[in-house]
Amino acid sequence: MSTPTEQQEELATLYALRLLEGTELEQFEAELAHNPELRRLVEEFHASGALLAHMAPPAAPSAALKSRIMARIPEKRSAKVVPFRLTGWLPLAAAAGFALVAAWMAQLYFVTRTENSLLRDQQALADTMVRSLRSQLETERLLTVAEREASAGRIAALTRQMQEQGDLAQFKIATLASLLADSPQAQAVAVWNPTLQEGVLTVENLPALEADKDYQLWVIDPQYPIPVDGGVFRVDPRTGQARYQFKADKPVATVAKFAVSLERKGGVPKAEGPMVLIGP
């Protein structure tokens, strides 16, 4: 013996209302044959309809109705007045009561079924949105990996190019790493020619700047108390890339490090803003 499920309760309501047909009716009656709890539920639905019918208060015929009936009886013929009996109306009242119960149960069933359908649709929509978000995050992750690999490839190509142009031993080549929490993928390569006292800075993935800001390059030479100014530059706002040829504003004997800071437009003689790149 098992407790009726929610679906069986809905079918029991329809069965009591005589709304089941065809295969559903056959399957439900087969289930009734070996499920006492389900039979008890159906009997309760039937009893509810009959109980509503008996709850209707007794009603006596009005005086006007009695007068009209008496007026139609011929005066010379003896007539026997048959008392109005409520019992004759009981079957009709019961039928009316059961019809009310049936209508109420049918409405409850269809409202419940509609709500369940809406919940299923909402769940399906939520599942679709979750899958879409996961796909988007995975795509962004793959793109980030691809961008980093492409950036590393460009830096390697630049190094090979510099090797082909001359003796690598005379150049100072440094890779600058990001100090930005919101742009950890930013990086740069600085190549310095001490003979010509000039160099090239190649930048990747730096954030675009506001109109009143510039990036400023610094050459750190131990012989000077403050870094040597290497000039200002900006990046492509769409790609965050830049290729900047620079000269130091003082003779540089030894390059210990390169650094890039964020400064006001036009640059400053001494670094004031935050450092965004540094290396090696």
# chains A, B, ... in the order shown; residues from 1 in each chain; ligands from 1
call {"tool": "residues_around", "arguments": {"residues": "A:Lys257", "least_positions_apart": "6", "cutoff": "9 Å", "atoms": "only C-alpha atoms", "output": "number ranges by chain"}}
result
A: 174, 176, 218-221, 278-280
call {"tool": "residues_around", "arguments": {"residues": "A:Pro184", "least_positions_apart": "3", "cutoff": "12 Å", "atoms": "only C-alpha atoms", "output": "JSON, numbers by chain"}}
result
{"A": [144, 148, 176, 177, 178, 179, 180, 181, 187, 188, 204, 205, 206, 207, 276, 277]}
call {"tool": "atom_distance", "arguments": {"atom1": "atom CA of A:Ser48", "atom2": "atom CA of A:Gln27"}}
result
24.1 Å
call {"tool": "residues_around", "arguments": {"residues": "A:Asp214", "least_positions_apart": "5", "cutoff": "12 Å", "atoms": "only C-alpha atoms", "output": "MDAnalysis selection string"}}
result
chainID A and resid 206:209 231:235 260:268 271 273:274 276
call {"tool": "atom_distance", "arguments": {"atom1": "atom CA of A:His34", "atom2": "atom CA of A:Gln8"}}
result
13.5 Å
